[in-house]
file data07.csv (CSV, C-alpha atoms and all ligand atoms)
chain,number,residue,atom,x,y,z
A,1,MET,CA,0.0,0.0,0.0
A,2,SER,CA,1.2,3.5,-0.8
A,3,GLU,CA,0.2,6.3,1.5
A,4,ARG,CA,0.5,8.7,-1.5
A,5,ALA,CA,-1.9,6.6,-3.6
A,6,ASN,CA,-4.3,6.4,-0.7
A,7,GLN,CA,-4.2,10.2,-0.1
A,8,LEU,CA,-4.5,11.1,-3.8
A,9,ILE,CA,-7.2,8.6,-4.8
A,10,SER,CA,-9.2,9.4,-1.7
A,11,ASP,CA,-9.0,13.1,-2.3
A,12,ILE,CA,-10.1,12.8,-6.0
A,13,LEU,CA,-13.0,10.5,-5.1
A,14,ARG,CA,-14.2,12.8,-2.3
A,15,ARG,CA,-14.3,15.7,-4.7
A,16,VAL,CA,-16.3,13.6,-7.3
A,17,HIS,CA,-18.7,12.6,-4.5
A,18,GLU,CA,-19.1,16.2,-3.4
A,19,ALA,CA,-19.8,17.3,-7.1
A,20,ILE,CA,-22.5,14.6,-7.4
A,21,VAL,CA,-24.2,15.7,-4.2
A,22,GLU,CA,-23.9,19.5,-4.9
A,23,ASN,CA,-25.3,19.0,-8.5
A,24,ASN,CA,-27.9,16.4,-7.7
A,25,VAL,CA,-26.5,14.0,-10.3
A,26,THR,CA,-29.3,11.6,-11.5
A,27,TYR,CA,-29.0,7.9,-12.4
A,28,GLU,CA,-29.5,8.8,-16.1
A,29,GLU,CA,-26.5,11.2,-15.9
A,30,TYR,CA,-24.4,8.6,-14.1
A,31,GLN,CA,-25.2,6.0,-16.8
A,32,ALA,CA,-24.4,8.5,-19.6
A,33,ALA,CA,-21.1,9.3,-17.8
A,34,LYS,CA,-20.3,5.6,-17.6
A,35,GLN,CA,-20.9,5.1,-21.3
A,36,TRP,CA,-18.8,8.2,-22.0
A,37,PHE,CA,-15.8,6.7,-20.0
A,38,ILE,CA,-16.2,3.5,-22.1
A,39,ASP,CA,-16.3,5.5,-25.3
A,40,VAL,CA,-13.1,7.5,-24.4
A,41,GLY,CA,-11.3,4.2,-23.8
A,42,ALA,CA,-12.7,2.6,-27.0
A,43,ALA,CA,-11.6,5.6,-29.1
A,44,GLY,CA,-8.1,5.6,-27.5
A,45,GLU,CA,-8.7,9.2,-26.3
A,46,TRP,CA,-7.6,9.1,-22.7
A,47,PRO,CA,-4.2,10.6,-23.5
A,48,LEU,CA,-5.9,13.3,-25.5
A,49,PHE,CA,-8.4,14.0,-22.7
A,50,GLY,CA,-5.5,14.2,-20.2
A,51,ASP,CA,-3.4,16.5,-22.3
A,52,VAL,CA,-6.3,18.8,-23.0
A,53,PHE,CA,-7.9,19.1,-19.6
A,54,VAL,CA,-5.4,18.0,-17.0
A,55,GLU,CA,-1.8,18.5,-18.2
A,56,HIS,CA,-1.6,22.3,-17.9
A,57,VAL,CA,-2.3,22.2,-14.2
A,58,VAL,CA,0.3,19.5,-13.6
A,59,GLU,CA,2.8,21.5,-15.7
A,60,GLU,CA,2.1,24.7,-13.7
A,61,GLN,CA,2.4,22.9,-10.4
A,62,ALA,CA,5.5,20.8,-11.3
A,63,PHE,CA,7.5,23.8,-12.5
A,64,SER,CA,6.1,26.7,-10.5
A,65,ASN,CA,9.5,27.2,-8.8
A,66,ARG,CA,11.8,26.5,-11.8
A,67,SER,CA,14.1,29.3,-12.9
A,68,GLY,CA,14.6,30.2,-16.5
A,69,SER,CA,12.1,30.3,-19.4
A,70,GLN,CA,8.5,29.3,-19.1
A,71,GLY,CA,7.4,25.9,-20.2
A,72,THR,CA,4.0,24.6,-21.1
A,73,ILE,CA,2.3,21.3,-22.0
A,74,LEU,CA,3.8,18.6,-24.2
A,75,GLY,CA,0.5,17.5,-25.7
A,76,PRO,CA,0.0,14.3,-27.6
A,77,PHE,CA,1.6,15.1,-31.0
A,78,HIS,CA,5.3,14.9,-30.3
A,79,LEU,CA,7.2,12.1,-32.2
A,80,PRO,CA,10.7,11.1,-31.2
A,81,ASP,CA,13.7,11.0,-33.5
A,82,ALA,CA,12.9,14.0,-35.8
A,83,PRO,CA,15.9,14.5,-38.2
A,84,LEU,CA,18.8,16.7,-37.1
A,85,LEU,CA,18.8,19.6,-39.6
A,86,ASP,CA,21.9,21.0,-41.3
A,87,ALA,CA,22.2,24.5,-42.7
A,88,PRO,CA,20.0,26.2,-44.0
A,89,PHE,CA,17.9,24.6,-41.1
A,90,GLU,CA,14.5,24.4,-42.8
A,91,LEU,CA,11.9,22.2,-41.2
A,92,PRO,CA,11.0,19.4,-43.7
A,93,HIS,CA,8.0,20.5,-45.7
A,94,ARG,CA,6.2,20.0,-49.0
A,95,PRO,CA,7.4,21.9,-52.1
A,96,ASP,CA,4.1,23.8,-52.1
A,97,GLU,CA,3.8,24.1,-48.3
A,98,SER,CA,1.2,26.9,-47.6
A,99,GLY,CA,1.6,29.5,-44.9
A,100,ASP,CA,3.9,32.5,-44.3
A,101,ARG,CA,7.6,31.6,-44.4
A,102,THR,CA,9.2,32.5,-41.1
A,103,ARG,CA,12.8,32.5,-39.8
A,104,VAL,CA,12.9,31.7,-36.0
A,105,THR,CA,16.2,32.7,-34.3
A,106,GLY,CA,17.4,33.2,-30.8
A,107,ARG,CA,19.8,32.0,-28.1
A,108,VAL,CA,19.9,29.3,-25.5
A,109,THR,CA,21.6,30.3,-22.3
A,110,ASP,CA,21.7,29.3,-18.6
A,111,VAL,CA,19.8,31.4,-16.2
A,112,ASP,CA,22.7,33.8,-15.9
A,113,GLY,CA,22.8,34.5,-19.6
A,114,ARG,CA,25.9,32.3,-20.4
A,115,PRO,CA,25.5,30.7,-23.8
A,116,LEU,CA,24.9,27.0,-24.1
A,117,ALA,CA,26.7,25.6,-27.1
A,118,ASN,CA,25.3,22.4,-28.8
A,119,ALA,CA,21.9,22.7,-27.0
A,120,ASN,CA,19.2,20.8,-28.9
A,121,LEU,CA,15.9,22.2,-30.0
A,122,ASP,CA,13.4,19.5,-31.0
A,123,ILE,CA,10.6,21.3,-33.0
A,124,TRP,CA,7.2,20.2,-34.2
A,125,GLN,CA,4.2,22.1,-35.3
A,126,ALA,CA,0.9,21.9,-37.3
A,127,ASP,CA,0.8,23.2,-40.9
A,128,ALA,CA,-1.0,26.3,-41.9
A,129,GLU,CA,-4.3,24.4,-41.9
A,130,GLY,CA,-3.7,23.1,-38.4
A,131,ARG,CA,-2.7,19.5,-39.3
A,132,TYR,CA,0.1,17.5,-37.6
A,133,SER,CA,2.0,15.1,-39.7
A,134,GLY,CA,1.7,11.5,-38.4
A,135,PHE,CA,-1.6,12.1,-36.8
A,136,MET,CA,-3.9,13.8,-39.3
A,137,PRO,CA,-4.6,13.3,-43.0
A,138,GLY,CA,-2.8,15.7,-45.3
A,139,PRO,CA,0.8,16.4,-44.4
A,140,PRO,CA,3.3,13.6,-45.2
A,141,ASP,CA,5.2,11.8,-42.5
A,142,GLY,CA,7.8,14.0,-40.9
A,143,ASN,CA,6.3,17.3,-42.2
A,144,LEU,CA,7.3,20.3,-40.0
A,145,ARG,CA,9.3,18.2,-37.5
A,146,GLY,CA,13.1,18.6,-37.0
A,147,GLN,CA,15.9,19.2,-34.5
A,148,VAL,CA,18.5,22.0,-34.6
A,149,ARG,CA,21.6,22.6,-32.4
A,150,THR,CA,23.0,25.8,-31.1
A,151,ASP,CA,26.4,27.2,-32.2
A,152,THR,CA,29.3,28.1,-29.9
A,153,ASP,CA,27.4,31.4,-29.0
A,154,GLY,CA,24.3,29.5,-28.1
A,155,ARG,CA,22.6,30.7,-31.2
A,156,TYR,CA,20.0,28.8,-33.2
A,157,GLU,CA,18.0,29.4,-36.3
A,158,TYR,CA,15.5,27.6,-38.4
A,159,VAL,CA,13.0,28.3,-41.2
A,160,THR,CA,9.3,27.2,-41.1
A,161,VAL,CA,5.8,28.4,-41.9
A,162,ILE,CA,3.4,30.0,-39.4
A,163,PRO,CA,1.1,27.2,-38.2
A,164,GLY,CA,-2.6,27.5,-38.1
A,165,PRO,CA,-4.9,27.1,-35.1
A,166,TYR,CA,-6.7,23.8,-34.8
A,167,THR,CA,-9.5,22.0,-33.0
A,168,ILE,CA,-9.2,18.9,-30.9
A,169,PRO,CA,-10.9,16.1,-32.8
A,170,LEU,CA,-14.6,17.0,-32.8
A,171,ASP,CA,-16.1,13.6,-33.7
A,172,GLY,CA,-14.8,11.6,-30.7
A,173,PRO,CA,-16.0,11.6,-27.0
A,174,THR,CA,-13.6,14.3,-25.9
A,175,GLY,CA,-14.9,16.7,-28.7
A,176,ARG,CA,-18.5,15.6,-27.8
A,177,MET,CA,-18.0,16.4,-24.2
A,178,THR,CA,-16.4,19.8,-25.1
A,179,ALA,CA,-19.4,20.6,-27.3
A,180,ALA,CA,-21.9,19.4,-24.6
A,181,ALA,CA,-20.3,21.9,-22.2
A,182,GLY,CA,-20.4,24.7,-24.8
A,183,TRP,CA,-16.6,25.2,-24.7
A,184,SER,CA,-14.5,26.3,-27.6
A,185,PRO,CA,-12.5,23.3,-29.0
A,186,TRP,CA,-9.8,25.4,-30.5
A,187,ARG,CA,-6.1,25.7,-29.7
A,188,PRO,CA,-4.4,28.9,-30.9
A,189,ALA,CA,-1.5,28.7,-33.4
A,190,HIS,CA,1.7,27.6,-31.8
A,191,ILE,CA,5.1,25.9,-32.3
A,192,HIS,CA,6.2,23.2,-29.9
A,193,LEU,CA,9.8,22.9,-28.7
A,194,ILE,CA,11.8,20.8,-26.3
A,195,VAL,CA,15.0,22.6,-25.6
A,196,SER,CA,17.7,20.5,-23.9
A,197,ALA,CA,21.4,20.7,-23.0
A,198,GLU,CA,23.6,18.5,-20.8
A,199,GLY,CA,23.4,19.4,-17.2
A,200,PHE,CA,20.2,21.4,-17.6
A,201,GLU,CA,16.5,20.7,-17.1
A,202,PRO,CA,14.8,20.0,-20.5
A,203,LEU,CA,12.3,22.7,-21.3
A,204,VAL,CA,9.1,21.6,-22.9
A,205,THR,CA,7.4,24.6,-24.3
A,206,GLN,CA,5.3,26.3,-27.0
A,207,LEU,CA,5.6,29.6,-28.8
A,208,PHE,CA,2.2,31.2,-29.5
A,209,ILE,CA,1.6,33.4,-32.5
A,210,ASP,CA,0.3,36.8,-31.4
A,211,SER,CA,-2.1,37.3,-34.4
A,212,SER,CA,-3.8,33.9,-33.8
A,213,ASP,CA,-7.4,33.6,-32.7
A,214,TYR,CA,-8.2,31.7,-29.5
A,215,LEU,CA,-5.2,32.9,-27.4
A,216,ASP,CA,-7.7,33.7,-24.6
A,217,THR,CA,-9.8,30.6,-25.0
A,218,ASP,CA,-7.2,27.8,-25.6
A,219,VAL,CA,-9.1,24.6,-24.9
A,220,ALA,CA,-5.9,23.1,-23.4
A,221,GLY,CA,-5.3,26.1,-21.1
A,222,ALA,CA,-1.7,26.2,-22.1
A,223,VAL,CA,-1.1,29.8,-23.2
A,224,LYS,CA,1.3,31.9,-21.0
A,225,PRO,CA,1.9,35.6,-21.8
A,226,GLU,CA,5.7,35.1,-21.8
A,227,LEU,CA,5.3,32.6,-24.6
A,228,ILE,CA,3.4,34.9,-27.1
A,229,VAL,CA,5.6,35.9,-30.0
A,230,HIS,CA,5.2,38.5,-32.8
A,231,PRO,CA,6.3,37.5,-36.3
A,232,GLU,CA,7.8,40.6,-37.7
A,233,PRO,CA,7.4,41.2,-41.5
A,234,VAL,CA,10.8,41.3,-43.2
A,235,GLY,CA,9.8,41.8,-46.8
A,236,ASP,CA,8.8,39.5,-49.7
A,237,GLY,CA,5.9,38.2,-47.6
A,238,GLU,CA,8.3,36.6,-45.1
A,239,PHE,CA,8.5,37.0,-41.3
A,240,ALA,CA,11.0,36.7,-38.5
A,241,VAL,CA,10.5,35.6,-34.9
A,242,SER,CA,13.1,36.0,-32.2
A,243,TYR,CA,13.0,34.1,-28.9
A,244,ASP,CA,15.7,33.3,-26.3
A,245,PHE,CA,15.5,30.3,-24.0
A,246,ALA,CA,17.1,30.2,-20.5
A,247,LEU,CA,17.5,26.7,-19.0
A,248,ALA,CA,17.4,25.9,-15.3
A,249,PRO,CA,20.2,23.6,-14.0
A,250,ALA,CA,19.4,19.9,-13.8
A,251,ARG,CA,17.9,18.9,-10.4
A,252,THR,CA,20.4,16.8,-8.4
A,253,PRO,CA,18.7,13.5,-7.5
A,254,ALA,CA,17.8,13.3,-3.8
A,255,ILE,CA,20.1,11.1,-1.8
A,256,ALA,CA,18.2,8.0,-0.5
B,1,LIG,C1,-1.1,20.2,-28.8
B,1,LIG,O1,-0.5,21.2,-28.3
B,1,LIG,O2,-0.7,19.8,-29.9
B,1,LIG,C2,-2.2,19.6,-28.0
B,1,LIG,C3,-2.2,19.7,-26.7
B,1,LIG,C4,-3.2,19.2,-25.9
B,1,LIG,C5,-4.2,18.5,-26.6
B,1,LIG,C6,-4.2,18.4,-28.0
B,1,LIG,C7,-3.2,18.9,-28.7
B,2,FE,FE,0.1,21.6,-30.7
call {"tool": "encode", "arguments": {"input": "data07.csv", "output": "structure tokens", "more": "lines below"}}
Ligand code: BEZ
Ligand code: FE
result
Amino acid sequence: MSERANQLISDILRRVHEAIVENNVTYEEYQAAKQWFIDVGAAGEWPLFGDVFVEHVVEEQAFSNRSGSQGTILGPFHLPDAPLLDAPFELPHRPDESGDRTRVTGRVTDVDGRPLANANLDIWQADAEGRYSGFMPGPPDGNLRGQVRTDTDGRYEYVTVIPGPYTIPLDGPTGRMTAAAGWSPWRPAHIHLIVSAEGFEPLVTQLFIDSSDYLDTDVAGAVKPELIVHPEPVGDGEFAVSYDFALAPARTPAIA
């Protein structure tokens, strides 16, 4: 028996029981909820449900005292082993990829501003229509996924297109629950990154596009003001985004 499990499970169940009593939940509602639990499992949507409605609170709680740049949720659309890009550092894309071409640049440093050479940025994003490769019809495997490393000054750069906002799947039980509650199913346009360097805490984060709709109503509750970026027009229909990341030192494991 784990005291932690006892405490946590008891607390969650007590709050569910209180909600049932406070809201006079009927037997019909209980049966509908039970069927919905079954449907979420059958559709394989428990990871989606967790990442949409729970992960952001875990992230805020887990990293509330961490120094350095803000992180936010990982979400369900990361794939490991994206290719390490060489100059000119363009995320793999279709020849006719739609969307505004954008150069993203910046530095990776420690919390005192010292550059971190050879830090890794693992990048993934939706296309301009809000579709992730490997998960949604449209983009080919590996589209808009790649990794880049910083130079000796801690600088990185890569070229991509500005992603579009997207909805969580509307036809499954998570989307049906969102609609039943009258909530917006949209996530604002964003680029995901995991920034890592030896001896530092990996930073899981997202950069949100300031011109996107839904910044104030993100269904996943993952927007933080520090993570909103402004793509600056640089001519010829292209844009530039600049963002620096500061990594916190790796936590030393507790001595048993
Ligand atoms: C995402 O950021 O890709 C995401 C996060 C939570 C749920 C669905 C998608
Ligand atoms: Fe995303």
call {"tool": "closest_residue", "arguments": {"input": "data07.csv", "among": "A:Arg187, A:Arg176, A:His192, A:Arg149", "to": "Gly164 of chain A", "atoms": "only C-alpha atoms"}}
result
A:Arg187
call {"tool": "residues_around", "arguments": {"input": "data07.csv", "residues": "segment 97-99 of chain A", "least_positions_apart": "6", "cutoff": "6 Å", "atoms": "only C-alpha atoms", "output": "PyMOL selection string"}}
result
chain A and resi 128+161-162
call {"tool": "closest_residue", "arguments": {"input": "data07.csv", "among": "A:Val159, A:Val25, A:Leu84, A:Ile209", "to": "Lys224 of chain A", "atoms": "all atoms listed in the file"}}
result
A:Ile209
call {"tool": "closest_residue", "arguments": {"input": "data07.csv", "among": "A:Ala33, A:Ile9, A:Val229, A:Ala246", "to": "Leu207 of chain A", "atoms": "only C-alpha atoms"}}
result
A:Val229
call {"tool": "closest_atom_pairs", "arguments": {"input": "data07.csv", "of": "chain A", "to": "ligand FE 2 (chain B)", "cutoff": "8 Å", "atoms": "all atoms listed in the file", "output": "JSON lines"}}
result
{"residue": "A:Gly75", "atom": "CA", "partner": "B:FE2", "partner_atom": "FE", "distance": 6.5}
{"residue": "A:Pro76", "atom": "CA", "partner": "B:FE2", "partner_atom": "FE", "distance": 7.9}
{"residue": "A:Phe77", "atom": "CA", "partner": "B:FE2", "partner_atom": "FE", "distance": 6.7}
{"residue": "A:Gln125", "atom": "CA", "partner": "B:FE2", "partner_atom": "FE", "distance": 6.2}
{"residue": "A:Ala126", "atom": "CA", "partner": "B:FE2", "partner_atom": "FE", "distance": 6.7}
{"residue": "A:Arg187", "atom": "CA", "partner": "B:FE2", "partner_atom": "FE", "distance": 7.5}
{"residue": "A:Ala189", "atom": "CA", "partner": "B:FE2", "partner_atom": "FE", "distance": 7.8}
{"residue": "A:His190", "atom": "CA", "partner": "B:FE2", "partner_atom": "FE", "distance": 6.3}
{"residue": "A:Ile191", "atom": "CA", "partner": "B:FE2", "partner_atom": "FE", "distance": 6.8}
{"residue": "A:His192", "atom": "CA", "partner": "B:FE2", "partner_atom": "FE", "distance": 6.4}
{"residue": "A:Gln206", "atom": "CA", "partner": "B:FE2", "partner_atom": "FE", "distance": 7.9}
call {"tool": "residues_near_ligand", "arguments": {"input": "data07.csv", "ligand": "ligand LIG 1 (chain B)", "cutoff": "7 Å", "atoms": "all atoms listed in the file", "output": "number ranges by chain"}}
result
A: 48, 51-52, 73-77, 168, 220
call {"tool": "residues_around", "arguments": {"input": "data07.csv", "residues": "Arg131 of chain A", "least_positions_apart": "6", "cutoff": "9 Å", "atoms": "all atoms listed in the file", "output": "MDAnalysis selection string"}}
result
chainID A and resid 125 137:139 163:166
call {"tool": "atom_distance", "arguments": {"input": "data07.csv", "atom1": "atom CA of Phe49 of chain A", "atom2": "atom CA of Tyr214 of chain A"}}
result
19.0 Å
call {"tool": "closest_residue", "arguments": {"input": "data07.csv", "among": "A:Glu226, A:Glu198, A:Asp100, A:Glu157", "to": "Ala117 of chain A", "atoms": "all atoms listed in the file"}}
result
A:Glu198
call {"tool": "residues_near_point", "arguments": {"input": "data07.csv", "point": "(13.7, 11.3, -36.4)", "cutoff": "10 Å", "atoms": "only C-alpha atoms", "output": "ChimeraX atom specification"}}
result
/A:79-84,122,142,145-147
call {"tool": "closest_residue", "arguments": {"input": "data07.csv", "among": "A:Phe135, A:Leu247, A:Gly221, A:Asp39", "to": "Ile194 of chain A", "atoms": "all atoms listed in the file"}}
result
A:Leu247
call {"tool": "atom_distance", "arguments": {"input": "data07.csv", "atom1": "atom CA of Thr167 of chain A", "atom2": "atom CA of Gly106 of chain A"}}
result
29.2 Å
